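A.B. asks: Here you go, this is input_9.txt (compact mmCIF, C-alpha atoms and all ligand atoms).
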# COMPACT_ATOMS: atom_id res chain seq x y z
CA MET L 1 -45.18 68.04 87.92
CA SER L 2 -48.41 66.67 86.45
CA TYR L 3 -49.21 66.10 82.80
CA ASN L 4 -52.29 67.50 81.07
CA PHE L 5 -53.27 65.19 78.26
CA SER L 6 -55.77 65.83 75.56
CA ILE L 7 -58.63 63.39 76.04
CA THR L 8 -60.93 62.31 73.22
CA ARG L 9 -63.87 60.42 74.68
CA LYS L 10 -65.54 57.51 72.99
CA GLN L 11 -69.15 58.35 72.19
CA ASP L 12 -70.51 55.08 73.46
CA MET L 13 -69.10 54.73 76.99
CA SER L 14 -70.89 51.45 77.75
CA VAL L 15 -68.97 48.77 79.65
CA ALA L 16 -68.79 45.25 78.24
CA ASN L 17 -69.51 42.24 80.44
CA THR L 18 -66.19 40.40 80.42
CA THR L 19 -66.70 37.92 83.25
CA ASN L 20 -66.50 34.93 80.93
CA GLU L 21 -63.94 36.32 78.49
CA PRO L 22 -60.38 34.97 78.33
CA PHE L 23 -57.70 37.02 80.10
CA GLY L 24 -56.74 40.16 78.19
CA LYS L 25 -59.22 39.71 75.36
CA VAL L 26 -61.45 42.74 75.82
CA PRO L 27 -59.88 46.20 76.10
CA THR L 28 -61.60 49.11 77.81
CA ASN L 29 -63.00 52.05 75.81
CA HIS L 30 -59.78 54.08 75.70
CA MET L 31 -56.00 53.88 75.35
CA PHE L 32 -53.12 56.22 76.11
CA ILE L 33 -50.55 56.98 73.40
CA ALA L 34 -47.47 59.22 73.03
CA GLU L 35 -44.79 59.40 70.32
CA TYR L 36 -41.04 59.72 70.77
CA ARG L 37 -38.89 61.45 68.17
CA ASN L 38 -35.96 63.89 68.19
CA GLY L 39 -35.20 62.85 71.76
CA GLU L 40 -38.60 63.88 73.24
CA TRP L 41 -42.07 62.58 73.97
CA HIS L 42 -44.77 64.27 71.88
CA ASN L 43 -48.53 64.56 71.85
CA PRO L 44 -49.45 62.49 74.94
CA ARG L 45 -53.16 61.79 74.64
CA ILE L 46 -56.03 59.49 75.48
CA GLU L 47 -58.16 58.33 72.59
CA PRO L 48 -60.91 55.80 71.97
CA MET L 49 -59.36 52.35 71.53
CA HIS L 50 -58.25 51.92 67.91
CA ASP L 51 -55.84 49.94 65.74
CA LEU L 52 -52.41 51.34 64.95
CA THR L 53 -51.01 52.29 61.58
CA LEU L 54 -47.43 51.08 61.49
CA SER L 55 -44.89 50.87 58.69
CA PRO L 56 -44.01 47.25 57.86
CA LEU L 57 -40.42 48.49 58.25
CA ALA L 58 -41.00 49.36 61.93
CA LEU L 59 -38.01 48.02 63.87
CA CYS L 60 -40.15 46.37 66.57
CA LEU L 61 -41.56 43.98 63.95
CA HIS L 62 -38.10 42.75 62.96
CA TYR L 63 -35.80 42.94 65.98
CA GLY L 64 -38.16 42.70 68.93
CA GLN L 65 -37.32 46.08 70.45
CA THR L 66 -40.37 46.02 72.73
CA VAL L 67 -40.81 46.33 76.50
CA PHE L 68 -43.97 46.04 78.59
CA GLU L 69 -45.30 46.11 82.13
CA GLY L 70 -48.22 44.31 83.74
CA MET L 71 -50.05 46.11 86.55
CA LYS L 72 -53.43 46.04 88.21
CA ALA L 73 -56.07 48.43 89.55
CA PHE L 74 -58.63 47.36 92.18
CA LYS L 75 -61.99 48.74 93.23
CA PHE L 76 -62.60 49.61 96.89
CA ALA L 77 -66.04 49.05 98.43
CA ASP L 78 -66.63 52.84 98.40
CA GLY L 79 -66.04 53.03 94.62
CA ARG L 80 -62.53 54.49 94.76
CA VAL L 81 -59.98 52.77 92.55
CA ASN L 82 -56.51 51.72 93.67
CA ILE L 83 -53.61 51.44 91.22
CA PHE L 84 -51.11 49.11 92.85
CA ARG L 85 -47.36 49.80 93.15
CA VAL L 86 -46.94 52.38 90.39
CA GLU L 87 -43.41 53.34 91.54
CA LYS L 88 -42.07 49.80 91.59
CA HIS L 89 -43.54 49.08 88.15
CA HIS L 90 -42.08 52.32 86.80
CA ASP L 91 -38.68 51.41 88.21
CA ARG L 92 -38.74 48.02 86.50
CA PHE L 93 -40.09 49.51 83.25
CA CYS L 94 -37.13 51.92 83.12
CA LYS L 95 -34.62 49.13 83.83
CA SER L 96 -36.13 47.02 81.03
CA LEU L 97 -36.10 50.02 78.66
CA ASP L 98 -32.47 50.72 79.46
CA ARG L 99 -31.52 47.07 78.79
CA MET L 100 -33.27 47.26 75.41
CA CYS L 101 -31.69 50.61 74.44
CA MET L 102 -35.06 52.38 74.58
CA PRO L 103 -35.77 55.88 75.92
CA PRO L 104 -37.02 56.29 79.51
CA VAL L 105 -40.51 57.44 80.45
CA SER L 106 -40.48 59.86 83.39
CA TYR L 107 -42.27 58.79 86.56
CA GLU L 108 -44.77 61.63 86.08
CA LEU L 109 -45.62 60.60 82.52
CA PHE L 110 -45.93 56.93 83.54
CA ARG L 111 -48.08 57.67 86.60
CA ASP L 112 -50.33 60.22 84.92
CA SER L 113 -50.84 58.18 81.74
CA ILE L 114 -52.04 55.25 83.85
CA ARG L 115 -54.01 57.35 86.33
CA GLU L 116 -55.91 59.29 83.66
CA LEU L 117 -56.72 56.18 81.63
CA VAL L 118 -57.94 54.32 84.71
CA ASN L 119 -59.95 57.33 85.82
CA LEU L 120 -61.67 57.66 82.45
CA ASP L 121 -62.45 53.92 82.25
CA ARG L 122 -63.03 53.44 85.99
CA ASP L 123 -66.43 51.82 85.41
CA TRP L 124 -64.50 48.92 83.83
CA VAL L 125 -62.73 48.05 87.09
CA PRO L 126 -64.50 44.93 88.41
CA ALA L 127 -65.76 45.32 91.96
CA ASP L 128 -66.33 41.65 92.71
CA GLY L 129 -64.06 39.00 94.25
CA ASP L 130 -60.67 38.61 92.61
CA GLY L 131 -61.57 40.94 89.72
CA SER L 132 -59.20 43.76 88.77
CA LEU L 133 -58.35 45.99 85.83
CA TYR L 134 -55.18 44.67 84.19
CA LEU L 135 -52.98 47.50 82.90
CA ARG L 136 -50.49 47.11 80.10
CA PRO L 137 -48.05 50.01 79.69
CA PHE L 138 -45.66 49.20 76.82
CA MET L 139 -43.24 50.66 74.34
CA ILE L 140 -42.40 49.64 70.78
CA ALA L 141 -39.74 50.81 68.31
CA THR L 142 -41.57 52.39 65.38
CA GLU L 143 -38.77 53.84 63.28
CA ALA L 144 -39.20 52.53 59.75
CA ARG L 145 -35.84 51.07 58.73
CA ILE L 146 -34.49 47.62 57.98
CA GLY L 147 -31.23 47.80 59.88
CA ALA L 148 -30.33 46.07 63.12
CA SER L 149 -29.58 48.96 65.47
CA LYS L 150 -31.64 50.83 68.04
CA ALA L 151 -34.53 52.89 66.77
CA GLU L 152 -34.84 56.67 67.07
CA GLU L 153 -38.66 56.63 67.17
CA TYR L 154 -41.01 54.89 69.59
CA LEU L 155 -44.59 54.67 70.79
CA TYR L 156 -45.42 54.53 74.50
CA MET L 157 -48.93 53.27 75.16
CA VAL L 158 -51.17 52.08 77.98
CA LEU L 159 -54.04 49.63 77.51
CA ALA L 160 -56.46 48.25 80.09
CA SER L 161 -58.60 45.12 80.27
CA PRO L 162 -60.77 43.69 83.06
CA ALA L 163 -59.15 40.59 84.54
CA TYR L 164 -60.25 37.68 86.63
CA GLN L 165 -58.28 34.50 87.30
CA TYR L 166 -55.29 33.88 85.02
CA TYR L 167 -55.05 30.22 86.04
CA SER L 168 -58.34 28.61 87.01
CA ALA L 169 -56.94 25.62 88.92
CA PRO L 170 -53.74 24.51 90.72
CA LEU L 171 -50.96 23.86 88.23
CA LYS L 172 -49.16 20.75 87.13
CA ILE L 173 -45.58 21.85 86.44
CA LYS L 174 -42.67 20.25 84.67
CA VAL L 175 -39.04 21.01 85.49
CA GLU L 176 -37.52 22.10 82.17
CA ARG L 177 -34.14 20.43 81.70
CA ASN L 178 -33.50 21.10 78.01
CA PHE L 179 -34.74 24.50 76.95
CA THR L 180 -33.59 27.76 78.50
CA ARG L 181 -35.58 30.91 79.20
CA ALA L 182 -32.61 33.21 79.84
CA ALA L 183 -28.84 33.02 80.07
CA ASP L 184 -26.34 34.91 82.24
CA GLY L 185 -25.78 38.35 80.77
CA GLY L 186 -28.94 38.07 78.65
CA THR L 187 -32.28 39.87 78.91
CA GLY L 188 -33.91 37.58 81.50
CA ALA L 189 -34.46 40.38 84.01
CA ALA L 190 -36.04 42.67 81.41
CA LYS L 191 -39.75 42.52 80.66
CA CYS L 192 -39.17 42.42 76.92
CA GLY L 193 -41.29 40.66 74.34
CA GLY L 194 -38.56 38.24 73.24
CA ASN L 195 -38.37 36.55 76.65
CA TYR L 196 -42.00 35.54 76.28
CA GLY L 197 -41.95 34.66 72.58
CA GLY L 198 -38.94 32.40 73.14
CA ALA L 199 -40.76 30.58 75.93
CA PHE L 200 -43.78 29.63 73.81
CA TYR L 201 -42.18 26.59 72.15
CA PRO L 202 -41.01 24.77 75.33
CA THR L 203 -44.26 25.72 77.08
CA GLN L 204 -46.31 24.39 74.18
CA LYS L 205 -44.35 21.13 74.23
CA ALA L 206 -44.97 20.84 77.98
CA ARG L 207 -48.71 21.45 77.40
CA GLU L 208 -48.79 18.67 74.83
CA GLU L 209 -47.29 16.39 77.50
CA GLY L 210 -50.13 17.32 79.88
CA PHE L 211 -48.46 20.05 81.96
CA ASP L 212 -49.78 23.55 82.61
CA GLN L 213 -46.43 25.30 82.83
CA VAL L 214 -42.70 24.77 83.06
CA LEU L 215 -40.27 25.49 85.89
CA TRP L 216 -37.23 27.03 84.22
CA THR L 217 -33.73 26.04 85.27
CA ASP L 218 -30.34 27.70 84.68
CA ASN L 219 -28.88 27.71 81.20
CA LYS L 220 -25.61 25.91 82.00
CA HIS L 221 -26.55 22.83 84.03
CA HIS L 222 -30.38 22.94 84.09
CA GLU L 223 -30.13 22.33 87.82
CA THR L 224 -30.85 25.65 89.58
CA ILE L 225 -34.43 26.91 89.66
CA GLU L 226 -35.01 30.21 87.88
CA GLU L 227 -38.71 31.07 87.57
CA SER L 228 -41.91 29.54 86.25
CA GLY L 229 -43.64 30.62 83.06
CA THR L 230 -45.23 34.09 83.56
CA MET L 231 -44.40 34.22 87.30
CA ASN L 232 -41.71 33.92 89.97
CA ALA L 233 -41.39 30.58 91.75
CA MET L 234 -41.85 30.34 95.52
CA PHE L 235 -41.66 27.44 97.96
CA TYR L 236 -42.60 27.05 101.61
CA PHE L 237 -41.08 24.21 103.59
CA ASN L 238 -39.52 23.74 107.04
CA ASN L 239 -41.19 26.99 108.20
CA THR L 240 -39.32 28.98 105.56
CA LEU L 241 -40.42 30.83 102.44
CA VAL L 242 -37.74 30.24 99.82
CA THR L 243 -37.48 31.88 96.41
CA PRO L 244 -34.63 32.18 93.88
CA ALA L 245 -32.52 35.29 94.47
CA LEU L 246 -32.56 37.99 91.78
CA SER L 247 -29.63 36.61 89.83
CA GLY L 248 -29.95 38.85 86.79
CA SER L 249 -31.65 36.23 84.66
CA ILE L 250 -35.06 36.23 86.40
CA LEU L 251 -37.69 38.92 86.60
CA ASP L 252 -37.77 41.23 89.62
CA GLY L 253 -41.44 40.46 90.19
CA VAL L 254 -43.58 43.08 91.89
CA THR L 255 -45.87 40.41 93.36
CA ARG L 256 -42.73 38.54 94.46
CA ASP L 257 -41.53 41.64 96.28
CA SER L 258 -44.95 42.27 97.86
CA MET L 259 -45.22 38.66 99.07
CA LEU L 260 -41.72 38.69 100.57
CA THR L 261 -42.39 41.99 102.33
CA ILE L 262 -45.69 40.75 103.76
CA ALA L 263 -44.13 37.42 104.78
CA ARG L 264 -41.25 39.11 106.65
CA GLU L 265 -43.71 41.39 108.43
CA THR L 266 -45.83 38.45 109.52
CA GLY L 267 -42.78 36.84 111.09
CA ILE L 268 -42.21 34.23 108.39
CA HIS L 269 -38.57 33.37 107.81
CA VAL L 270 -37.68 34.27 104.20
CA GLU L 271 -34.70 33.12 102.17
CA GLU L 272 -33.82 34.57 98.75
CA ARG L 273 -31.20 32.17 97.51
CA SER L 274 -30.35 29.57 94.95
CA ILE L 275 -32.52 26.41 95.05
CA SER L 276 -31.42 23.34 93.17
CA ILE L 277 -33.57 20.59 91.71
CA THR L 278 -31.50 18.15 93.79
CA GLU L 279 -32.56 19.99 96.98
CA LEU L 280 -36.21 20.03 95.88
CA LYS L 281 -36.15 16.33 95.02
CA ALA L 282 -34.52 15.48 98.38
CA LEU L 283 -37.29 17.40 100.19
CA PHE L 284 -40.00 15.47 98.35
CA ASP L 285 -38.19 12.14 98.81
CA SER L 286 -37.87 12.73 102.56
CA GLY L 287 -41.62 13.35 102.84
CA THR L 288 -41.22 17.04 103.78
CA GLN L 289 -44.38 19.06 103.23
CA VAL L 290 -43.63 21.44 100.38
CA GLU L 291 -45.84 24.28 99.20
CA ALA L 292 -45.02 25.59 95.74
CA PHE L 293 -46.62 28.52 93.98
CA GLY L 294 -46.10 31.11 91.30
CA ALA L 295 -46.28 34.83 92.08
CA GLY L 296 -47.00 37.33 89.33
CA THR L 297 -49.25 40.28 88.51
CA ALA L 298 -51.53 38.33 86.20
CA ALA L 299 -51.29 35.03 88.09
CA VAL L 300 -51.32 36.67 91.60
CA VAL L 301 -50.66 33.51 93.65
CA ALA L 302 -50.94 30.40 91.49
CA PRO L 303 -50.84 27.23 93.62
CA ILE L 304 -48.83 24.37 92.16
CA LYS L 305 -50.31 20.93 92.72
CA SER L 306 -47.38 18.90 91.43
CA ILE L 307 -43.85 19.23 90.10
CA THR L 308 -42.50 16.62 87.71
CA ILE L 309 -38.74 16.12 87.94
CA ASP L 310 -37.18 13.93 85.23
CA GLY L 311 -40.46 12.11 84.64
CA LYS L 312 -41.42 11.58 88.31
CA GLU L 313 -44.37 13.60 89.62
CA TYR L 314 -44.19 14.96 93.18
CA ALA L 315 -47.30 16.30 94.93
CA CYS L 316 -47.17 19.71 96.62
CA TYR L 317 -49.17 20.73 99.69
CA LEU L 318 -52.45 22.52 98.93
CA GLY L 319 -54.22 22.38 102.33
CA GLU L 320 -56.47 25.25 103.39
CA ASP L 321 -53.93 26.28 106.05
CA ALA L 322 -51.14 26.67 103.47
CA VAL L 323 -49.01 29.77 104.00
CA MET L 324 -49.44 30.85 100.36
CA PHE L 325 -53.18 31.37 100.93
CA LYS L 326 -52.52 33.53 104.01
CA LEU L 327 -50.06 35.67 102.05
CA LYS L 328 -52.47 35.93 99.14
CA SER L 329 -55.25 37.07 101.42
CA ALA L 330 -53.00 39.66 103.14
CA LEU L 331 -52.07 41.04 99.70
CA PHE L 332 -55.73 41.08 98.64
CA ASN L 333 -56.70 43.06 101.74
CA ILE L 334 -54.07 45.75 101.13
CA ARG L 335 -55.01 46.10 97.45
CA LYS L 336 -58.74 46.29 98.19
CA GLY L 337 -58.31 48.85 100.99
CA LEU L 338 -59.35 46.33 103.67
CA ALA L 339 -55.99 46.50 105.49
CA PRO L 340 -53.70 49.51 106.08
CA ASP L 341 -51.31 50.37 103.25
CA THR L 342 -48.23 50.86 105.44
CA HIS L 343 -45.79 50.95 102.50
CA GLY L 344 -47.48 53.53 100.31
CA TRP L 345 -48.16 50.89 97.63
CA ASN L 346 -51.62 52.21 96.73
CA LEU L 347 -52.38 55.12 94.42
CA VAL L 348 -56.06 55.69 95.19
CA ILE L 349 -58.16 57.76 92.79
C1 LIG H 401 -47.97 39.72 84.21
O1 LIG H 401 -48.05 38.91 85.13
O2 LIG H 401 -48.41 40.87 84.33
C2 LIG H 401 -47.35 39.37 82.94
O3 LIG H 401 -46.89 40.24 82.28
C3 LIG H 401 -47.40 37.98 82.47
C4 LIG H 401 -48.17 37.89 81.20
C5 LIG H 401 -47.90 36.60 80.58
C6 LIG H 401 -49.63 38.10 81.38
Can you give me the file's structure in the form of structure tokens?
Ligand code: COI

C.D. replies:
Amino acid sequence: MSYNFSITRKQDMSVANTTNEPFGKVPTNHMFIAEYRNGEWHNPRIEPMHDLTLSPLALCLHYGQTVFEGMKAFKFADGRVNIFRVEKHHDRFCKSLDRMCMPPVSYELFRDSIRELVNLDRDWVPADGDGSLYLRPFMIATEARIGASKAEEYLYMVLASPAYQYYSAPLKIKVERNFTRAADGGTGAAKCGGNYGGAFYPTQKAREEGFDQVLWTDNKHHETIEESGTMNAMFYFNNTLVTPALSGSILDGVTRDSMLTIARETGIHVEERSISITELKALFDSGTQVEAFGAGTAAVVAPIKSITIDGKEYACYLGEDAVMFKLKSALFNIRKGLAPDTHGWNLVI
């Protein structure tokens, strides 16, 4: 089944030059929007980008009932546009929605809302280098009521914004031993607004200390590595790509999954398991060459130049032959149509 949306075109379809704009600052000309009430989605449509009118009583403003996704579309050399891993993002969106007591969006509605928006604003997809169109499907609770229980009314929307590098240089990271991103049984695996809002304070404190990001550790002992801010954490040492297993408190990253799949196919030994700070410190202390990087939709592959553990800074390997760069380039080639898409990850329009 395919959806037919009503489309209202913006009169001025010109495309802004966003090359020097901060990430996510400039939206494209249009947005997708649909309303949920009485157990159904209503009036799915694409309209010129505009502000929302929302009751100050809307539940999302008080209790954080919000869920979002982050996806990307890429331009091929022949002008076709590739929306990357729609099914995997839809799967995660639905899991996050379920965890936050929010109604599902069918695969067809999700796919078609994104496809039609990207198609209409396809001139906004950067063709050059690492450029892409960042896509932000999201849902918010709009029912107007001050009362802490799940809403009966929601908005599902999709926005788009041209994106270049999220991090412009290799990162200086601090192991976070005090604050916690997510606890067992909490919402850590859901892509909900609160996980990000709650991370701002520790991240800001780390920035004031001269770090770019934090490396989150478990909530009980602050000893097991969870993820880094805005991305999954990955390490390559002793010929092995190691990343924390999906424990329930970290995000099931789509870039994480793509990197692991590509790594396994290229014959790299992969371990999804628990990694402790003690193990990491012992590796550094023994002089083992350690690559560390973040993997995420916005960040793609963000090389980490150093990790500070309890005040001591350890340098990570950033040489040109680093495995992370090979994996990044293999991912780039699939997304840009320069290598075969053997997994059906690309939705090309
Ligand atoms: C993404 O990587 O898509 C995210 O949602 C992270 C966000 C902080 C930009």

A.B. asks: Once you count only C-alpha atoms and all ligand atoms, which residues end up within 9 Å of ligand LIG 401 (chain H), and could you hand them over as an mmCIF file with C-alpha atoms, in the coordinates of the input?

C.D. replies:
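For reference, selection01.cif as written:
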data_model
loop_
_atom_site.group_PDB
_atom_site.id
_atom_site.type_symbol
_atom_site.label_atom_id
_atom_site.label_comp_id
_atom_site.auth_asym_id
_atom_site.auth_seq_id
_atom_site.Cartn_x
_atom_site.Cartn_y
_atom_site.Cartn_z
ATOM 1 C CA PHE L 23 -57.700 37.020 80.100
ATOM 2 C CA GLY L 24 -56.740 40.160 78.190
ATOM 3 C CA PHE L 68 -43.970 46.040 78.590
ATOM 4 C CA GLU L 69 -45.300 46.110 82.130
ATOM 5 C CA GLY L 70 -48.220 44.310 83.740
ATOM 6 C CA MET L 71 -50.050 46.110 86.550
ATOM 7 C CA LYS L 72 -53.430 46.040 88.210
ATOM 8 C CA TYR L 134 -55.180 44.670 84.190
ATOM 9 C CA LEU L 135 -52.980 47.500 82.900
ATOM 10 C CA ARG L 136 -50.490 47.110 80.100
ATOM 11 C CA TYR L 166 -55.290 33.880 85.020
ATOM 12 C CA LYS L 191 -39.750 42.520 80.660
ATOM 13 C CA TYR L 196 -42.000 35.540 76.280
ATOM 14 C CA GLY L 229 -43.640 30.620 83.060
ATOM 15 C CA THR L 230 -45.230 34.090 83.560
ATOM 16 C CA MET L 231 -44.400 34.220 87.300
ATOM 17 C CA GLY L 253 -41.440 40.460 90.190
ATOM 18 C CA THR L 255 -45.870 40.410 93.360
ATOM 19 C CA ALA L 295 -46.280 34.830 92.080
ATOM 20 C CA GLY L 296 -47.000 37.330 89.330
ATOM 21 C CA THR L 297 -49.250 40.280 88.510
ATOM 22 C CA ALA L 298 -51.530 38.330 86.200
ATOM 23 C CA ALA L 299 -51.290 35.030 88.090
ATOM 24 C CA VAL L 300 -51.320 36.670 91.600
#

A.B. asks: Looking at L:Leu155, L:Leu54, L:Ala182, L:Val175, which one is nearest to Phe211 in chain L, with distances taken over only C-alpha atoms?

C.D. replies: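 Nearest candidate to Phe211 in chain L out of L:Leu155, L:Leu54, L:Ala182, L:Val175: L:Val175.
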
A.B. asks: Which residue is closest to Asp51 in chain L? Choose from L:Ile146, L:Leu159, L:Ala127, L:Ile7 and count all atoms listed in the file.

C.D. replies: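 Counting all atoms listed in the file, the residue closest to Asp51 in chain L is L:Leu159.
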
A.B. asks: Name the closest residue to Leu52 in chain L among the candidates L:Ser168, L:Tyr107, L:Thr142, L:Tyr36; distances are taken between atoms, counting all atoms listed in the file.

C.D. replies: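 Once distances to Leu52 in chain L are computed over all atoms listed in the file, the minimum belongs to L:Thr142.
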
A.B. asks: When you draw a straight line from CA of Ser6 in chain L to CA of Val105 in chain L, how long is it in Å?

C.D. replies: 18.1 Å

A.B. asks: Which residues of range 284-337 of chain L come within 12 Å of range 81-98 of chain L, and for each one, what is the closest pair of atoms and their distance in Å to one decimal, counting only C-alpha atoms, sorted by chain and residue number, as a Markdown table?

C.D. replies:
| residue | atom | partner | partner_atom | distance |
| --- | --- | --- | --- | --- |
| L:Thr297 | CA | L:Phe84 | CA | 10.0 |
| L:Leu331 | CA | L:Phe84 | CA | 10.6 |
| L:Phe332 | CA | L:Phe84 | CA | 10.9 |
| L:Asn333 | CA | L:Asn82 | CA | 11.8 |
| L:Ile334 | CA | L:Phe84 | CA | 9.4 |
| L:Arg335 | CA | L:Phe84 | CA | 6.7 |
| L:Lys336 | CA | L:Asn82 | CA | 7.4 |
| L:Gly337 | CA | L:Asn82 | CA | 8.1 |

A.B. asks: Just the selected residues (C-alpha atoms), exported as a CSV table (one decimal), in the frame of the given file, please.

C.D. replies:
chain,number,residue,atom,x,y,z
L,297,THR,CA,-49.2,40.3,88.5
L,331,LEU,CA,-52.1,41.0,99.7
L,332,PHE,CA,-55.7,41.1,98.6
L,333,ASN,CA,-56.7,43.1,101.7
L,334,ILE,CA,-54.1,45.8,101.1
L,335,ARG,CA,-55.0,46.1,97.4
L,336,LYS,CA,-58.7,46.3,98.2
L,337,GLY,CA,-58.3,48.8,101.0

A.B. asks: From the list L:Phe5, L:Phe235, L:Trp345, L:Phe325, which residue is nearest Thr288 in chain L when using all atoms listed in the file?

C.D. replies: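 For Thr288 in chain L, the nearest of the candidates is L:Phe235.
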
A.B. asks: Using only C-alpha atoms, determine which residues lie at most 12 Å from Glu279 in chain L, disregarding the query and same-chain residues fewer than 3 positions distant; provide the list as a PyMOL selection string.

C.D. replies: chain L and resi 223-225+235+237+242+274-276+282-286+288+290+309

A.B. asks: Select, from L:Glu152, L:Glu291, L:Glu265, L:Glu227, the residue with the minimum atom-to-atom distance to Gly248 in chain L, counting all atoms listed in the file.

C.D. replies: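 Going through L:Glu152, L:Glu291, L:Glu265, L:Glu227 one by one, the smallest distance to Gly248 in chain L is for L:Glu227.
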
A.B. asks: What is the distance between CA of Met139 in chain L and CA of Thr66 in chain L, in Å to one decimal?

C.D. replies: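 Going from CA of Met139 in chain L over to CA of Thr66 in chain L, I get 5.7 Å.
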
A.B. asks: Kindly indicate which residue among L:Arg115, L:Leu133, L:Asp321, L:Ile262 lies nearest to Ala339 in chain L, using only C-alpha atoms for the distances.

C.D. replies: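 Ranked by minimum distance to Ala339 in chain L, first place goes to L:Ile262.
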